[in-house]
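Before any comments, here is the structure.
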Amino acid sequence: MDALQQGANALFILLGGIMVLAMHAGFAFLELGTVRKKNQVNALIKILVDFSVSTIVYFLVGYGVAYGTHFFVGAEQLAEKNGYELVKFFFLLTFAAAIPAIISGGIAERAKFWPQLIATAVIVGLVYPFFEGIAWNGHFGIQAWIEATTGASFHDFAGSVVVHAVGGWIALPAVILLGARSNRYRKDGGMSAHPPSSIPFLALGAWILCIGWFGFNVMSAQTLDKISGLVAVNSLMAMVGGTLAALLAGKNDPGFVHNGPLAGLVAVCAGSDVMHPIGALGVGAIAGGLFVWMFTLTQNRWKIDDVLGVWPLHGLCGTWGGIAAGIFGQHALGGLGGVSFMAQLIGTAMGVGWALLGGFVVYGVLRTTIGIRLTQEEEYDGADLTTHRISATPDREVSW
């Protein structure tokens with residue numbers, strides 16, 4: 001029976017890893033459909049290569065930073081318990097690799113390719129797993145201190161803060177340090193619109209992400225005996241709440257409609273295991289409205305050229321999700337309890353502060369040393385031709 005249980009657990013978390021791996025195709029197509037046609041190839045290649053770099057760095061360094069273990073032992077030892085520890089690494093890697101995938105959408109259309117890979121290595125190897133270890137592995141006694149102070153530890157079941165808020169708040173300094181795309185904000189005070197290049201591809205990316213998210217959230221239980229249908233239904237309710245709120249707040253705009261469910265799902269990750277489904281619906285709806293409002297504000301008034309709106313979507317909605325777990329997880333609002341509003345506030349603030357610091361340090365050093373932005377001519381030609389020497393839809397055959 002133990003062998004069967006071990007095999008079932010390994011299969012369970014492996015399927016979760018595969019579902020979250022599929023989400024990276026969603027990141028790729030969401031970015032591809034949003035950027036202009038001259039940057040579509042770059043969007044696809046960035047996500048795949050970022051994932052590859054993330055895998056190597058997280059295997060060699062990041063997983064050890066977060067969980068204090070390593071894989072520098074014989075394969076016989078690694079294969080114990082049906083290789084559960086290995087597939088657990090695979091599952092958590094897909095979370096870690098989401099950080100550069102999130103950042104990619106914010107810095108699209110004007111960031112250099114190779115410096116971003118260096119940033120990916122540092123972020124996935126050190127910046128992200130440092131906070132991951134604090135939140136999910138009790139490092140430095142910080143969770144114990146929060147519990148002693150507030151009566152509960154910081155609760156983030158599937159990463160509203162650990163993954164999404166951290167990714168979004170790292171992206172904000174990167175976007176600011178890069179500056180806006182050329183001619184996005186003109187000297188006469190006007191603003192050049194860059195509408196999505198392909199609504200169908202944008203929608204495809206959103207749908208892939210939505211489907212994979214049920215692996216992201218449900219499989220965060222990590223063993224079969226801890227699986228919860230509550231997590232699945234809460235994810236569903238937050239998804240539709242975010243969709244409908246974005247539809248109304250965004251006045252039928254398809255870009256907002258397809259990012260709305262993602263906002264809801266980002267927000268529900270932290271408390272999806274403790275909220276009532278009606279509470280999850282409310283959390284998702286607030287996140288959908290928050291995304292539309294803050295995306296419009298950052299783009300139009302603050303002139304922060306965050307191409308996919310990753311700071312409002314992941315940074316702010318992830319922050320809201322961390323705090324919301326301490327509100328809607330309470331018994332008084334139909335939740336399971338065991339959470340503290342103050343614990344959520346402290347843990348969320350720590351995640352945001354660490355991400356901001358990490359973002360400014362990593363991208364600040366890269367900008368000062370090797371540069372992080374394409375030249376004006378390269379940006380005009382597009383990252384596809386500049387970096388990859390081919391467009392998404394070549395107009396003619398080329399003889400060599």
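By order in the structure tokens, chains are A, B, ...; within a chain, residues start at 1; ligands start at 1, following the order shown.
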
**Prompt:** Residues at most 9 Å from Thr243 in chain A, counting only C-alpha atoms, excluding those fewer than 4 positions away in the same chain, as a ChimeraX atom specification?
**Reply:** /A:238-239,247-248,256-264,284-285,288

Hey, can you spit out that residue selection with N, CA, C and O atoms as a CSV table (one decimal), in the first residue's frame?
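Output saved as out-v4.csv:
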```
chain,number,residue,atom,x,y,z
A,238,ALA,N,-13.4,32.4,-8.7
A,238,ALA,CA,-12.5,33.6,-8.9
A,238,ALA,C,-12.3,34.0,-10.3
A,238,ALA,O,-12.3,35.1,-10.7
A,239,MET,N,-12.1,32.9,-11.1
A,239,MET,CA,-11.9,33.1,-12.6
A,239,MET,C,-13.1,33.8,-13.2
A,239,MET,O,-12.9,34.8,-14.0
A,247,LEU,N,-15.1,42.7,-17.7
A,247,LEU,CA,-16.0,43.0,-18.8
A,247,LEU,C,-16.7,44.3,-18.6
A,247,LEU,O,-16.8,45.2,-19.5
A,248,LEU,N,-17.2,44.5,-17.4
A,248,LEU,CA,-18.0,45.7,-17.0
A,248,LEU,C,-17.1,46.9,-16.9
A,248,LEU,O,-17.3,47.9,-17.5
A,256,PHE,N,-9.1,43.4,-21.9
A,256,PHE,CA,-9.4,43.4,-20.5
A,256,PHE,C,-10.2,42.1,-20.2
A,256,PHE,O,-10.0,41.5,-19.1
A,257,VAL,N,-11.1,41.7,-21.0
A,257,VAL,CA,-12.0,40.5,-20.8
A,257,VAL,C,-11.1,39.3,-20.6
A,257,VAL,O,-11.4,38.5,-19.7
A,258,HIS,N,-10.0,39.2,-21.4
A,258,HIS,CA,-9.2,38.0,-21.3
A,258,HIS,C,-8.2,38.0,-20.3
A,258,HIS,O,-7.6,37.0,-19.9
A,259,ASN,N,-7.9,39.2,-19.7
A,259,ASN,CA,-7.0,39.3,-18.6
A,259,ASN,C,-7.7,39.2,-17.3
A,259,ASN,O,-7.2,39.0,-16.2
A,260,GLY,N,-9.1,39.5,-17.3
A,260,GLY,CA,-9.9,39.5,-16.1
A,260,GLY,C,-9.8,38.1,-15.4
A,260,GLY,O,-9.6,38.1,-14.2
A,261,PRO,N,-10.0,37.0,-16.1
A,261,PRO,CA,-9.9,35.7,-15.4
A,261,PRO,C,-8.6,35.5,-14.8
A,261,PRO,O,-8.5,34.9,-13.7
A,262,LEU,N,-7.5,36.0,-15.4
A,262,LEU,CA,-6.2,35.8,-14.9
A,262,LEU,C,-6.0,36.6,-13.6
A,262,LEU,O,-5.4,36.1,-12.7
A,263,ALA,N,-6.6,37.8,-13.6
A,263,ALA,CA,-6.5,38.6,-12.4
A,263,ALA,C,-7.2,37.9,-11.2
A,263,ALA,O,-6.7,37.8,-10.1
A,264,GLY,N,-8.4,37.3,-11.5
A,264,GLY,CA,-9.1,36.6,-10.5
A,264,GLY,C,-8.3,35.4,-10.0
A,264,GLY,O,-8.3,35.1,-8.8
A,284,GLY,N,-12.2,37.4,-6.7
A,284,GLY,CA,-11.9,37.5,-8.2
A,284,GLY,C,-12.5,38.7,-8.8
A,284,GLY,O,-11.8,39.3,-9.7
A,285,ALA,N,-13.7,39.1,-8.4
A,285,ALA,CA,-14.3,40.2,-9.0
A,285,ALA,C,-13.6,41.5,-8.7
A,285,ALA,O,-13.4,42.4,-9.5
A,288,GLY,N,-10.5,41.6,-10.8
A,288,GLY,CA,-10.7,42.0,-12.2
A,288,GLY,C,-10.9,43.5,-12.4
A,288,GLY,O,-10.4,44.1,-13.3
```

Checklist entry - Any idea what's packed within 10 Å of Ala392 in chain A, counting only C-alpha atoms, ignoring anything in its chain fewer than 3 positions away? Could you give it as a PyMOL selection string? => result chain A and resi 32+37-42+44+384-385+395

Could you list, as an NGL selection string, every residue within 7 Å of Met275 in chain A, counting only C-alpha atoms and ignoring same-chain residues fewer than 5 positions away? :A and (280 or 328-329 or 334-336)

Using only C-alpha atoms, tabulate the residues of range 1-88 of chain A lying at most 9 Å from any atom of range 137-153 of chain A, each with its closest atom pair and that distance in Å to one decimal, by chain and increasing residue number, as CSV.
```
residue,atom,partner,partner_atom,distance
A:Ala66,CA,A:Asn137,CA,7.0
A:Tyr67,CA,A:Asn137,CA,6.2
A:Gly68,CA,A:Asn137,CA,8.9
```

For the residues in the current selection, export C-alpha atoms as a PDB file, in the first residue's frame.
```pdb
ATOM      1  CA  ALA A  66      14.593  27.511  -0.926  1.00  0.00           C
ATOM      2  CA  TYR A  67      14.529  24.035   0.604  1.00  0.00           C
ATOM      3  CA  GLY A  68      18.057  23.338   1.823  1.00  0.00           C
TER       4      GLY A  68
END
```

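We find CA of Arg110 in chain A and CA of Gly382 in chain A to be spaced 8.1 Å apart.
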
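Checking A:Met237, A:Ile176, A:Met219, A:Leu86 one by one against Val307 in chain A, counting only C-alpha atoms, you find the shortest gap at A:Ile176.
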
If you count only C-alpha atoms, which residues fall within 12 Å of Pro129 in chain A, apart from same-chain ones fewer than 4 positions away, as a PDB file with N, CA, C and O atoms, in the first residue's frame?
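Written out: selection_21.pdb:
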```pdb
ATOM      1  N   SER A  54      15.873  28.787 -16.441  1.00  0.00           N
ATOM      2  CA  SER A  54      15.301  28.625 -15.105  1.00  0.00           C
ATOM      3  C   SER A  54      15.471  27.198 -14.595  1.00  0.00           C
ATOM      4  O   SER A  54      15.778  26.974 -13.418  1.00  0.00           O
ATOM      5  N   VAL A  57      19.202  26.595 -13.545  1.00  0.00           N
ATOM      6  CA  VAL A  57      19.591  27.384 -12.373  1.00  0.00           C
ATOM      7  C   VAL A  57      18.842  26.928 -11.126  1.00  0.00           C
ATOM      8  O   VAL A  57      19.423  26.825 -10.041  1.00  0.00           O
ATOM      9  N   TYR A  58      17.547  26.622 -11.273  1.00  0.00           N
ATOM     10  CA  TYR A  58      16.767  26.185 -10.113  1.00  0.00           C
ATOM     11  C   TYR A  58      17.222  24.803  -9.649  1.00  0.00           C
ATOM     12  O   TYR A  58      17.245  24.517  -8.453  1.00  0.00           O
ATOM     13  N   PHE A  59      17.607  23.932 -10.583  1.00  0.00           N
ATOM     14  CA  PHE A  59      18.095  22.603 -10.241  1.00  0.00           C
ATOM     15  C   PHE A  59      19.429  22.691  -9.495  1.00  0.00           C
ATOM     16  O   PHE A  59      19.643  22.003  -8.485  1.00  0.00           O
ATOM     17  N   VAL A  61      20.928  25.555  -8.117  1.00  0.00           N
ATOM     18  CA  VAL A  61      21.066  26.537  -7.042  1.00  0.00           C
ATOM     19  C   VAL A  61      19.741  26.832  -6.329  1.00  0.00           C
ATOM     20  O   VAL A  61      19.625  26.685  -5.108  1.00  0.00           O
ATOM     21  N   GLY A  62      18.738  27.268  -7.077  1.00  0.00           N
ATOM     22  CA  GLY A  62      17.532  27.835  -6.482  1.00  0.00           C
ATOM     23  C   GLY A  62      16.776  26.907  -5.553  1.00  0.00           C
ATOM     24  O   GLY A  62      16.344  27.316  -4.458  1.00  0.00           O
ATOM     25  N   TYR A  63      16.606  25.643  -5.950  1.00  0.00           N
ATOM     26  CA  TYR A  63      15.867  24.700  -5.109  1.00  0.00           C
ATOM     27  C   TYR A  63      16.575  24.499  -3.769  1.00  0.00           C
ATOM     28  O   TYR A  63      15.937  24.386  -2.720  1.00  0.00           O
ATOM     29  N   GLY A  64      17.901  24.486  -3.809  1.00  0.00           N
ATOM     30  CA  GLY A  64      18.675  24.371  -2.578  1.00  0.00           C
ATOM     31  C   GLY A  64      18.536  25.594  -1.692  1.00  0.00           C
ATOM     32  O   GLY A  64      18.453  25.482  -0.467  1.00  0.00           O
ATOM     33  N   VAL A  65      18.508  26.784  -2.305  1.00  0.00           N
ATOM     34  CA  VAL A  65      18.311  28.012  -1.531  1.00  0.00           C
ATOM     35  C   VAL A  65      16.967  27.986  -0.813  1.00  0.00           C
ATOM     36  O   VAL A  65      16.849  28.367   0.362  1.00  0.00           O
ATOM     37  N   ALA A  66      15.941  27.508  -1.498  1.00  0.00           N
ATOM     38  CA  ALA A  66      14.593  27.511  -0.926  1.00  0.00           C
ATOM     39  C   ALA A  66      14.372  26.394   0.085  1.00  0.00           C
ATOM     40  O   ALA A  66      13.735  26.600   1.123  1.00  0.00           O
ATOM     41  N   TYR A  67      14.892  25.211  -0.208  1.00  0.00           N
ATOM     42  CA  TYR A  67      14.529  24.035   0.604  1.00  0.00           C
ATOM     43  C   TYR A  67      15.710  23.340   1.271  1.00  0.00           C
ATOM     44  O   TYR A  67      15.536  22.311   1.928  1.00  0.00           O
ATOM     45  N   GLY A  68      16.909  23.871   1.108  1.00  0.00           N
ATOM     46  CA  GLY A  68      18.057  23.338   1.823  1.00  0.00           C
ATOM     47  C   GLY A  68      18.452  21.936   1.420  1.00  0.00           C
ATOM     48  O   GLY A  68      19.025  21.194   2.230  1.00  0.00           O
ATOM     49  N   LEU A  92       7.683  22.556  -8.568  1.00  0.00           N
ATOM     50  CA  LEU A  92       8.053  23.857  -8.008  1.00  0.00           C
ATOM     51  C   LEU A  92       8.892  24.672  -8.987  1.00  0.00           C
ATOM     52  O   LEU A  92       8.875  25.911  -8.945  1.00  0.00           O
ATOM     53  N   LEU A  93       9.631  24.001  -9.865  1.00  0.00           N
ATOM     54  CA  LEU A  93      10.352  24.707 -10.931  1.00  0.00           C
ATOM     55  C   LEU A  93       9.386  25.477 -11.817  1.00  0.00           C
ATOM     56  O   LEU A  93       9.668  26.624 -12.200  1.00  0.00           O
ATOM     57  N   PHE A  95       6.716  26.849 -11.079  1.00  0.00           N
ATOM     58  CA  PHE A  95       6.353  28.069 -10.363  1.00  0.00           C
ATOM     59  C   PHE A  95       7.472  29.099 -10.479  1.00  0.00           C
ATOM     60  O   PHE A  95       7.231  30.267 -10.786  1.00  0.00           O
ATOM     61  N   ALA A  96       8.702  28.651 -10.202  1.00  0.00           N
ATOM     62  CA  ALA A  96       9.851  29.560 -10.247  1.00  0.00           C
ATOM     63  C   ALA A  96      10.021  30.170 -11.633  1.00  0.00           C
ATOM     64  O   ALA A  96      10.299  31.366 -11.773  1.00  0.00           O
ATOM     65  N   ALA A  97       9.835  29.356 -12.669  1.00  0.00           N
ATOM     66  CA  ALA A  97      10.007  29.836 -14.041  1.00  0.00           C
ATOM     67  C   ALA A  97       8.910  30.800 -14.459  1.00  0.00           C
ATOM     68  O   ALA A  97       9.051  31.499 -15.471  1.00  0.00           O
ATOM     69  N   ILE A  99       8.217  33.420 -12.867  1.00  0.00           N
ATOM     70  CA  ILE A  99       8.700  34.773 -12.544  1.00  0.00           C
ATOM     71  C   ILE A  99       9.260  35.468 -13.790  1.00  0.00           C
ATOM     72  O   ILE A  99       8.795  36.558 -14.159  1.00  0.00           O
ATOM     73  N   ALA A 121      18.536  34.170 -14.646  1.00  0.00           N
ATOM     74  CA  ALA A 121      19.385  33.284 -13.851  1.00  0.00           C
ATOM     75  C   ALA A 121      19.517  33.771 -12.412  1.00  0.00           C
ATOM     76  O   ALA A 121      19.413  32.984 -11.457  1.00  0.00           O
ATOM     77  N   VAL A 122      19.721  35.058 -12.218  1.00  0.00           N
ATOM     78  CA  VAL A 122      19.894  35.608 -10.873  1.00  0.00           C
ATOM     79  C   VAL A 122      18.577  35.559 -10.100  1.00  0.00           C
ATOM     80  O   VAL A 122      18.542  35.190  -8.908  1.00  0.00           O
ATOM     81  N   ILE A 123      17.494  35.904 -10.762  1.00  0.00           N
ATOM     82  CA  ILE A 123      16.194  35.950 -10.087  1.00  0.00           C
ATOM     83  C   ILE A 123      15.728  34.553  -9.672  1.00  0.00           C
ATOM     84  O   ILE A 123      15.294  34.334  -8.537  1.00  0.00           O
ATOM     85  N   VAL A 124      15.832  33.587 -10.589  1.00  0.00           N
ATOM     86  CA  VAL A 124      15.372  32.225 -10.288  1.00  0.00           C
ATOM     87  C   VAL A 124      16.355  31.494  -9.379  1.00  0.00           C
ATOM     88  O   VAL A 124      15.952  30.625  -8.603  1.00  0.00           O
ATOM     89  N   GLY A 125      17.622  31.852  -9.449  1.00  0.00           N
ATOM     90  CA  GLY A 125      18.616  31.197  -8.615  1.00  0.00           C
ATOM     91  C   GLY A 125      18.684  31.734  -7.200  1.00  0.00           C
ATOM     92  O   GLY A 125      18.960  30.979  -6.258  1.00  0.00           O
ATOM     93  N   GLY A 133      11.712  30.236   0.302  1.00  0.00           N
ATOM     94  CA  GLY A 133      12.149  29.490   1.473  1.00  0.00           C
ATOM     95  C   GLY A 133      11.583  30.052   2.764  1.00  0.00           C
ATOM     96  O   GLY A 133      11.267  29.307   3.700  1.00  0.00           O
ATOM     97  N   ILE A 134      11.437  31.366   2.827  1.00  0.00           N
ATOM     98  CA  ILE A 134      10.842  31.992   4.008  1.00  0.00           C
ATOM     99  C   ILE A 134       9.370  31.620   4.139  1.00  0.00           C
ATOM    100  O   ILE A 134       8.896  31.222   5.205  1.00  0.00           O
ATOM    101  N   ALA A 135       8.624  31.738   3.041  1.00  0.00           N
ATOM    102  CA  ALA A 135       7.176  31.532   3.084  1.00  0.00           C
ATOM    103  C   ALA A 135       6.793  30.060   3.156  1.00  0.00           C
ATOM    104  O   ALA A 135       5.847  29.693   3.870  1.00  0.00           O
ATOM    105  N   TRP A 136       7.505  29.209   2.421  1.00  0.00           N
ATOM    106  CA  TRP A 136       7.077  27.811   2.276  1.00  0.00           C
ATOM    107  C   TRP A 136       7.986  26.803   2.975  1.00  0.00           C
ATOM    108  O   TRP A 136       7.665  25.617   2.992  1.00  0.00           O
ATOM    109  N   ASN A 137       9.092  27.263   3.543  1.00  0.00           N
ATOM    110  CA  ASN A 137       9.979  26.314   4.231  1.00  0.00           C
ATOM    111  C   ASN A 137      10.458  26.824   5.583  1.00  0.00           C
ATOM    112  O   ASN A 137      11.363  26.242   6.175  1.00  0.00           O
ATOM    113  N   HIS A 139      12.221  29.394   6.653  1.00  0.00           N
ATOM    114  CA  HIS A 139      13.595  29.877   6.834  1.00  0.00           C
ATOM    115  C   HIS A 139      13.675  31.075   7.784  1.00  0.00           C
ATOM    116  O   HIS A 139      12.783  31.926   7.813  1.00  0.00           O
ATOM    117  N   VAL A 162       3.955  34.679  -3.164  1.00  0.00           N
ATOM    118  CA  VAL A 162       5.263  34.069  -3.392  1.00  0.00           C
ATOM    119  C   VAL A 162       5.626  34.072  -4.876  1.00  0.00           C
ATOM    120  O   VAL A 162       6.769  34.353  -5.248  1.00  0.00           O
ATOM    121  N   VAL A 163       4.656  33.791  -5.737  1.00  0.00           N
ATOM    122  CA  VAL A 163       4.923  33.746  -7.181  1.00  0.00           C
ATOM    123  C   VAL A 163       4.472  35.040  -7.870  1.00  0.00           C
ATOM    124  O   VAL A 163       5.285  35.761  -8.458  1.00  0.00           O
ATOM    125  N   VAL A 166       5.477  38.647  -6.192  1.00  0.00           N
ATOM    126  CA  VAL A 166       6.930  38.780  -6.320  1.00  0.00           C
ATOM    127  C   VAL A 166       7.313  39.021  -7.781  1.00  0.00           C
ATOM    128  O   VAL A 166       8.099  39.920  -8.094  1.00  0.00           O
ATOM    129  N   GLY A 167       6.734  38.255  -8.701  1.00  0.00           N
ATOM    130  CA  GLY A 167       7.025  38.455 -10.119  1.00  0.00           C
ATOM    131  C   GLY A 167       6.621  39.831 -10.608  1.00  0.00           C
ATOM    132  O   GLY A 167       7.373  40.509 -11.319  1.00  0.00           O
ATOM    133  N   GLY A 351       7.030  40.231   1.067  1.00  0.00           N
ATOM    134  CA  GLY A 351       7.221  39.769  -0.300  1.00  0.00           C
ATOM    135  C   GLY A 351       7.367  40.914  -1.281  1.00  0.00           C
ATOM    136  O   GLY A 351       8.248  40.903  -2.155  1.00  0.00           O
ATOM    137  N   TRP A 354      10.802  42.751  -0.692  1.00  0.00           N
ATOM    138  CA  TRP A 354      11.931  41.975  -1.208  1.00  0.00           C
ATOM    139  C   TRP A 354      11.971  41.998  -2.735  1.00  0.00           C
ATOM    140  O   TRP A 354      13.035  42.123  -3.340  1.00  0.00           O
ATOM    141  N   ALA A 355      10.807  41.876  -3.357  1.00  0.00           N
ATOM    142  CA  ALA A 355      10.742  41.878  -4.827  1.00  0.00           C
ATOM    143  C   ALA A 355      11.185  43.216  -5.401  1.00  0.00           C
ATOM    144  O   ALA A 355      11.931  43.264  -6.390  1.00  0.00           O
ATOM    145  N   GLY A 358      14.950  43.427  -5.002  1.00  0.00           N
ATOM    146  CA  GLY A 358      15.606  42.537  -5.955  1.00  0.00           C
ATOM    147  C   GLY A 358      15.534  43.054  -7.374  1.00  0.00           C
ATOM    148  O   GLY A 358      16.519  42.998  -8.126  1.00  0.00           O
TER     149      GLY A 358
END
```
